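Visitor: Next comes the structure file my_file.pdb, holding PDB, C-alpha atoms.
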ATOM      1  CA  MET V  24      15.538  91.757   6.804
ATOM      2  CA  LEU V  25      19.291  91.319   6.427
ATOM      3  CA  GLN V  26      21.382  92.155   9.547
ATOM      4  CA  ARG V  27      24.930  93.318   9.093
ATOM      5  CA  GLY V  28      27.633  92.528  11.729
ATOM      6  CA  PHE V  29      31.013  94.139  12.377
ATOM      7  CA  THR V  30      33.765  93.703   9.872
ATOM      8  CA  LEU V  31      37.218  92.567  10.953
ATOM      9  CA  THR V  32      38.568  96.044  10.303
ATOM     10  CA  GLU V  33      35.928  97.646  12.525
ATOM     11  CA  LEU V  34      36.656  95.185  15.344
ATOM     12  CA  LEU V  35      40.370  95.906  15.102
ATOM     13  CA  VAL V  36      39.736  99.653  15.276
ATOM     14  CA  VAL V  37      37.579  99.194  18.395
ATOM     15  CA  ILE V  38      40.235  96.995  20.040
ATOM     16  CA  VAL V  39      42.994  99.529  19.286
ATOM     17  CA  ILE V  40      40.941 102.413  20.708
ATOM     18  CA  ALA V  41      40.117 100.381  23.838
ATOM     19  CA  ALA V  42      43.780  99.502  24.311
ATOM     20  CA  ILE V  43      44.769 103.171  24.044
ATOM     21  CA  LEU V  44      42.152 104.180  26.620
ATOM     22  CA  VAL V  45      43.262 101.456  29.034
ATOM     23  CA  GLY V  46      46.883 102.475  28.571
ATOM     24  CA  MET V  47      45.999 106.042  29.467
ATOM     25  CA  ALA V  48      44.003 104.998  32.529
ATOM     26  CA  VAL V  49      46.527 102.606  34.103
ATOM     27  CA  PRO V  50      49.137 105.259  35.061
ATOM     28  CA  SER V  51      46.416 107.434  36.571
ATOM     29  CA  MET V  52      45.077 104.522  38.608
ATOM     30  CA  ARG V  53      48.554 103.601  39.817
ATOM     31  CA  SER V  54      49.273 107.206  40.762
ATOM     32  CA  MET V  55      46.008 107.381  42.689
ATOM     33  CA  LEU V  56      46.773 104.145  44.551
ATOM     34  CA  ASP V  57      50.289 105.306  45.434
ATOM     35  CA  SER V  58      48.910 108.625  46.681
ATOM     36  CA  THR V  59      46.414 106.745  48.834
ATOM     37  CA  LYS V  60      49.195 104.586  50.332
ATOM     38  CA  VAL V  61      51.335 107.602  51.221
ATOM     39  CA  LYS V  62      48.487 109.558  52.791
ATOM     40  CA  GLY V  63      47.212 106.405  54.542
ATOM     41  CA  SER V  64      50.602 105.903  56.209
ATOM     42  CA  ALA V  65      50.677 109.547  57.292
ATOM     43  CA  GLU V  66      47.167 109.348  58.739
ATOM     44  CA  SER V  67      47.997 106.120  60.612
ATOM     45  CA  VAL V  68      51.031 107.702  62.294
ATOM     46  CA  LEU V  69      49.065 110.878  63.019
ATOM     47  CA  GLY V  70      46.365 108.724  64.630
ATOM     48  CA  GLY V  71      48.954 107.078  66.880
ATOM     49  CA  LEU V  72      50.370 110.445  67.902
ATOM     50  CA  ARG V  73      46.869 111.681  68.730
ATOM     51  CA  TYR V  74      46.246 108.556  70.815
ATOM     52  CA  ALA V  75      49.435 109.147  72.791
ATOM     53  CA  ARG V  76      48.717 112.815  73.413
ATOM     54  CA  SER V  77      45.052 112.397  74.337
ATOM     55  CA  GLU V  78      45.796 109.457  76.647
ATOM     56  CA  ALA V  79      48.527 111.446  78.409
ATOM     57  CA  ILE V  80      45.926 114.096  79.210
ATOM     58  CA  LYS V  81      43.207 111.574  80.097
ATOM     59  CA  ARG V  82      45.409 109.435  82.372
ATOM     60  CA  ASN V  83      47.421 112.350  83.779
ATOM     61  CA  ALA V  84      50.538 110.317  82.992
ATOM     62  CA  PRO V  85      53.348 110.473  80.407
ATOM     63  CA  MET V  86      52.713 108.492  77.219
ATOM     64  CA  ARG V  87      55.347 107.439  74.663
ATOM     65  CA  PHE V  88      54.824 107.204  70.912
ATOM     66  CA  GLN V  89      57.430 105.000  69.200
ATOM     67  CA  LEU V  90      58.052 104.107  65.572
ATOM     68  CA  VAL V  91      59.180 100.477  65.442
ATOM     69  CA  THR V  92      60.485  98.005  62.860
ATOM     70  CA  SER V  93      57.851  95.348  63.629
ATOM     71  CA  LEU V  94      55.120  94.447  66.103
ATOM     72  CA  ASP V  95      56.791  91.321  67.500
ATOM     73  CA  ALA V  96      59.475  90.504  70.049
ATOM     74  CA  SER V  97      62.254  91.429  67.609
ATOM     75  CA  CYS V  98      61.125  95.054  67.256
ATOM     76  CA  ALA V  99      63.542  97.957  67.477
ATOM     77  CA  TYR V 100      63.057 101.694  67.231
ATOM     78  CA  SER V 101      63.143 102.995  63.671
ATOM     79  CA  SER V 102      62.944 106.420  62.067
ATOM     80  CA  THR V 103      61.911 104.887  58.742
ATOM     81  CA  SER V 104      58.992 102.626  59.671
ATOM     82  CA  PRO V 105      55.256 103.445  59.625
ATOM     83  CA  LEU V 106      54.541 100.922  62.423
ATOM     84  CA  TRP V 107      54.023 102.409  65.872
ATOM     85  CA  VAL V 108      53.394 101.565  69.523
ATOM     86  CA  VAL V 109      52.006 103.812  72.268
ATOM     87  CA  SER V 110      52.908 102.987  75.873
ATOM     88  CA  GLN V 111      52.562 104.552  79.298
ATOM     89  CA  THR V 112      55.800 105.381  81.081
ATOM     90  CA  ASP V 113      56.965 106.435  84.521
ATOM     91  CA  GLN V 114      59.942 108.126  82.782
ATOM     92  CA  VAL V 115      62.324 105.959  84.840
ATOM     93  CA  ASN V 116      61.735 102.202  84.750
ATOM     94  CA  TYR V 117      59.044 101.231  82.290
ATOM     95  CA  GLY V 118      57.402 102.186  79.046
ATOM     96  CA  ALA V 119      60.192 101.415  76.548
ATOM     97  CA  VAL V 120      58.878  98.829  74.077
ATOM     98  CA  ALA V 121      61.958  97.837  72.035
ATOM     99  CA  GLY V 122      62.203  94.039  72.049
ATOM    100  CA  ALA V 123      58.685  93.619  73.459
ATOM    101  CA  CYS V 124      56.220  94.964  70.893
ATOM    102  CA  ASN V 125      54.244  91.718  71.017
ATOM    103  CA  THR V 126      53.070  92.454  74.571
ATOM    104  CA  ALA V 127      49.279  92.452  74.637
ATOM    105  CA  PRO V 128      47.770  95.941  75.044
ATOM    106  CA  ALA V 129      46.397  96.528  78.541
ATOM    107  CA  LEU V 130      43.606  98.729  79.773
ATOM    108  CA  PRO V 131      44.058 101.488  82.364
ATOM    109  CA  PRO V 132      44.727 101.847  85.195
ATOM    110  CA  ASP V 133      48.309 100.860  84.526
ATOM    111  CA  PRO V 134      48.730  97.280  85.860
ATOM    112  CA  CYS V 135      52.483  97.708  85.858
ATOM    113  CA  ALA V 136      52.710 100.785  88.066
ATOM    114  CA  ALA V 137      53.037  98.846  91.323
ATOM    115  CA  SER V 138      54.854  95.707  90.190
ATOM    116  CA  CYS V 139      57.407  97.514  88.044
ATOM    117  CA  VAL V 140      58.646  99.965  90.657
ATOM    118  CA  GLY V 141      62.375  99.462  90.899
ATOM    119  CA  GLY V 142      62.357  97.146  87.898
ATOM    120  CA  THR V 143      61.527  97.230  84.235
ATOM    121  CA  GLY V 144      58.339  96.572  82.362
ATOM    122  CA  VAL V 145      56.290  97.344  79.302
ATOM    123  CA  TYR V 146      52.856  98.865  79.350
ATOM    124  CA  ILE V 147      51.464  99.038  75.821
ATOM    125  CA  ALA V 148      48.284 101.018  75.324
ATOM    126  CA  PHE V 149      47.847 100.973  71.521
ATOM    127  CA  LEU V 150      49.405  99.274  68.490
ATOM    128  CA  SER V 151      49.207 100.262  64.837
ATOM    129  CA  ASN V 152      47.278  97.805  62.695
ATOM    130  CA  GLY V 153      50.223  97.148  60.377
ATOM    131  CA  ILE V 154      48.292  97.669  57.140
ATOM    132  CA  THR V 155      50.336 100.741  56.227
ATOM    133  CA  THR V 156      53.562  98.843  55.536
ATOM    134  CA  ASN V 157      53.960  99.466  51.813
ATOM    135  CA  SER V 158      57.274  99.150  50.003
ATOM    136  CA  SER V 159      56.513 102.216  47.900
ATOM    137  CA  VAL V 160      56.089 104.478  50.960
ATOM    138  CA  VAL V 161      59.234 106.114  52.354
ATOM    139  CA  VAL V 162      59.029 107.287  55.990
ATOM    140  CA  ALA V 163      61.591 109.673  57.453
ATOM    141  CA  ALA V 164      61.346 110.864  61.067
ATOM    142  CA  ASP V 165      63.974 113.035  62.730
ATOM    143  CA  ASN V 166      63.691 110.781  65.820
ATOM    144  CA  PRO V 167      61.711 107.571  66.457
ATOM    145  CA  VAL V 168      60.316 108.467  69.903
ATOM    146  CA  VAL V 169      58.283 111.313  71.396
ATOM    147  CA  THR V 170      56.777 111.525  74.888
ATOM    148  CA  PHE V 171      53.714 113.573  75.783
ATOM    149  CA  GLY V 172      53.151 114.891  79.302
ATOM    150  CA  PRO V 173      49.889 115.165  81.292
ATOM    151  CA  LEU V 174      49.196 118.578  79.777
ATOM    152  CA  GLY V 175      49.611 117.226  76.242
ATOM    153  CA  GLN V 176      52.983 118.928  75.929
ATOM    154  CA  VAL V 177      56.141 117.315  74.523
ATOM    155  CA  ILE V 178      58.461 116.223  77.334
ATOM    156  CA  CYS V 179      61.925 114.673  77.165
ATOM    157  CA  ASN V 180      62.158 110.921  76.600
ATOM    158  CA  MET V 181      63.345 108.864  79.576
ATOM    159  CA  GLU V 182      66.462 107.887  77.607
ATOM    160  CA  ALA V 183      67.270 111.617  77.435
ATOM    161  CA  SER V 184      67.105 111.317  73.657
ATOM    162  CA  SER V 185      65.830 114.029  71.370
ATOM    163  CA  SER V 186      62.097 114.012  70.726
ATOM    164  CA  MET V 187      60.465 113.461  67.372
ATOM    165  CA  GLN V 188      59.540 116.806  65.823
ATOM    166  CA  SER V 189      58.530 115.829  62.302
ATOM    167  CA  VAL V 190      57.826 112.828  60.087
ATOM    168  CA  SER V 191      57.668 112.938  56.286
ATOM    169  CA  PHE V 192      56.006 110.460  53.940
ATOM    170  CA  THR V 193      57.009 110.177  50.293
ATOM    171  CA  SER V 194      56.761 107.595  47.499
ATOM    172  CA  THR V 195      59.403 105.785  45.487
ATOM    173  CA  ASP V 196      57.320 106.711  42.421
ATOM    174  CA  THR V 197      57.519 110.183  40.929
ATOM    175  CA  GLY V 198      54.724 112.714  40.935
ATOM    176  CA  ILE V 199      53.180 111.557  44.226
ATOM    177  CA  THR V 200      52.242 114.263  46.743
ATOM    178  CA  PRO V 201      54.317 113.947  49.951
ATOM    179  CA  TRP V 202      52.893 114.519  53.448
ATOM    180  CA  THR V 203      54.503 115.791  56.632
ATOM    181  CA  ILE V 204      53.493 115.637  60.283
ATOM    182  CA  LYS V 205      54.751 118.367  62.590
ATOM    183  CA  ILE V 206      54.913 117.573  66.314
ATOM    184  CA  GLY V 207      55.062 120.454  68.776
ATOM    185  CA  ASN V 208      56.219 123.966  68.097
ATOM    186  CA  GLY V 209      59.961 123.415  67.979
ATOM    187  CA  ALA V 210      60.607 124.408  71.598
ATOM    188  CA  SER V 211      62.894 122.266  73.739
ATOM    189  CA  CYS V 212      61.365 119.153  75.326
ATOM    190  CA  SER V 213      62.498 120.516  78.694
ATOM    191  CA  SER V 214      60.386 123.627  78.170
ATOM    192  CA  GLN V 215      56.724 123.749  79.195
ATOM    193  CA  SER V 216      56.144 125.960  76.137
ATOM    194  CA  ASN V 217      56.260 122.989  73.734
ATOM    195  CA  SER V 218      52.526 122.537  73.299
ATOM    196  CA  GLY V 219      52.692 119.129  71.639
ATOM    197  CA  SER V 220      50.378 120.301  68.881
ATOM    198  CA  LEU V 221      49.981 117.978  65.896
ATOM    199  CA  LYS V 222      49.623 119.089  62.305
ATOM    200  CA  LEU V 223      49.395 117.154  59.004
ATOM    201  CA  CYS V 224      50.539 119.093  55.942
ATOM    202  CA  SER V 225      50.623 118.383  52.226
ATOM    203  CA  GLY V 226      54.233 118.703  51.089
ATOM    204  CA  LEU V 227      57.669 118.306  52.703
ATOM    205  CA  THR V 228      57.397 121.345  54.952
ATOM    206  CA  CYS V 229      54.893 122.111  57.671
ATOM    207  CA  SER V 230      54.809 125.656  59.029
TER     208      SER V 230
END
Would you mind writing the structure in this file as structure tokens?
Guide:
Amino acid sequence: MLQRGFTLTELLVVIVIAAILVGMAVPSMRSMLDSTKVKGSAESVLGGLRYARSEAIKRNAPMRFQLVTSLDASCAYSSTSPLWVVSQTDQVNYGAVAGACNTAPALPPDPCAASCVGGTGVYIAFLSNGITTNSSVVVAADNPVVTFGPLGQVICNMEASSSMQSVSFTSTDTGITPWTIKIGNGASCSSQSNSGSLKLCSGLTCS
């Protein structure tokens, strides 16, 4: 029995159709990956904020959440970086991590509480894993540092700087859903009424 194969014309038609389908799928895949990167960065920062707040309550001590440029000794505070460090602070001498983000995380109780009295020191509790540093993700915080008190409330930073109230996450590509984290309820850091609540919202506003 004679078997008939594909003609050259038929093969070309199949190749053209396959190319069209792949061309249609690639933008969708890229959009999905970019969306995942943006939301992943938002969820990483939200996780760090939750660590800081829950540890402040657990340890009955102020905890700082700080966005930083890197996780090494050259780190500085940054309102545009997804990398973060959580540290315990006495609100006077220790807890600021700029220039010392490579300090190994320590376990409670705070080993620095006695030795750092009257001096300076760093007590890092948690570090971000660094996997959320993507060039396509744009981070914008109103301030790089927020401090949570023993009741989980937002308290003023020891530098007397304004506290972080929101962080937005967008993409350099168009059509990607942005995400926003809202910290606290907008009350002053000096007011006990700032609950320190944390909320992740889809979009650039978070009510």
Visitor: With only C-alpha atoms as the basis for distance, which of V:Cys212, V:Ile204, V:Val162, V:Leu34 is at the shortest distance from V:Lys60?
Guide: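 Of the candidates, the smallest distance to V:Lys60 is held by V:Val162.
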Visitor: Please measure the separation of atom CA of V:Ala79 and atom CA of V:Gly175, giving the value in Å to one decimal.
Guide: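 Computed distance, atom CA of V:Ala79 to atom CA of V:Gly175, equals 6.3 Å.
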Visitor: Kindly indicate which residue among V:Ile43, V:Val61, V:Ala210, V:Ala127 lies nearest to V:Ala96, using all atoms listed in the file for the distances.
Guide: V:Ala127
Visitor: Could you tell me how far atom CA of V:Phe149 lies from atom CA of V:Ser101, in Å and to one decimal?
Guide: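 One can read the atom CA of V:Phe149 to atom CA of V:Ser101 distance as 17.3 Å.
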Visitor: Any chance you could resolve the PyMOL selection byres ((chain V and resi 160) around 10) against this file and give the residues as a PyMOL selection string?
Guide: chain V and resi 57-58+60-65+103-105+155-159+161-163+192-196+201
Visitor: Enter the distance from atom CA of V:Ile80 to atom CA of V:Trp202, in Å, rounded to one decimal.
Guide: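 Result for atom CA of V:Ile80 versus atom CA of V:Trp202: 26.7 Å, one decimal.
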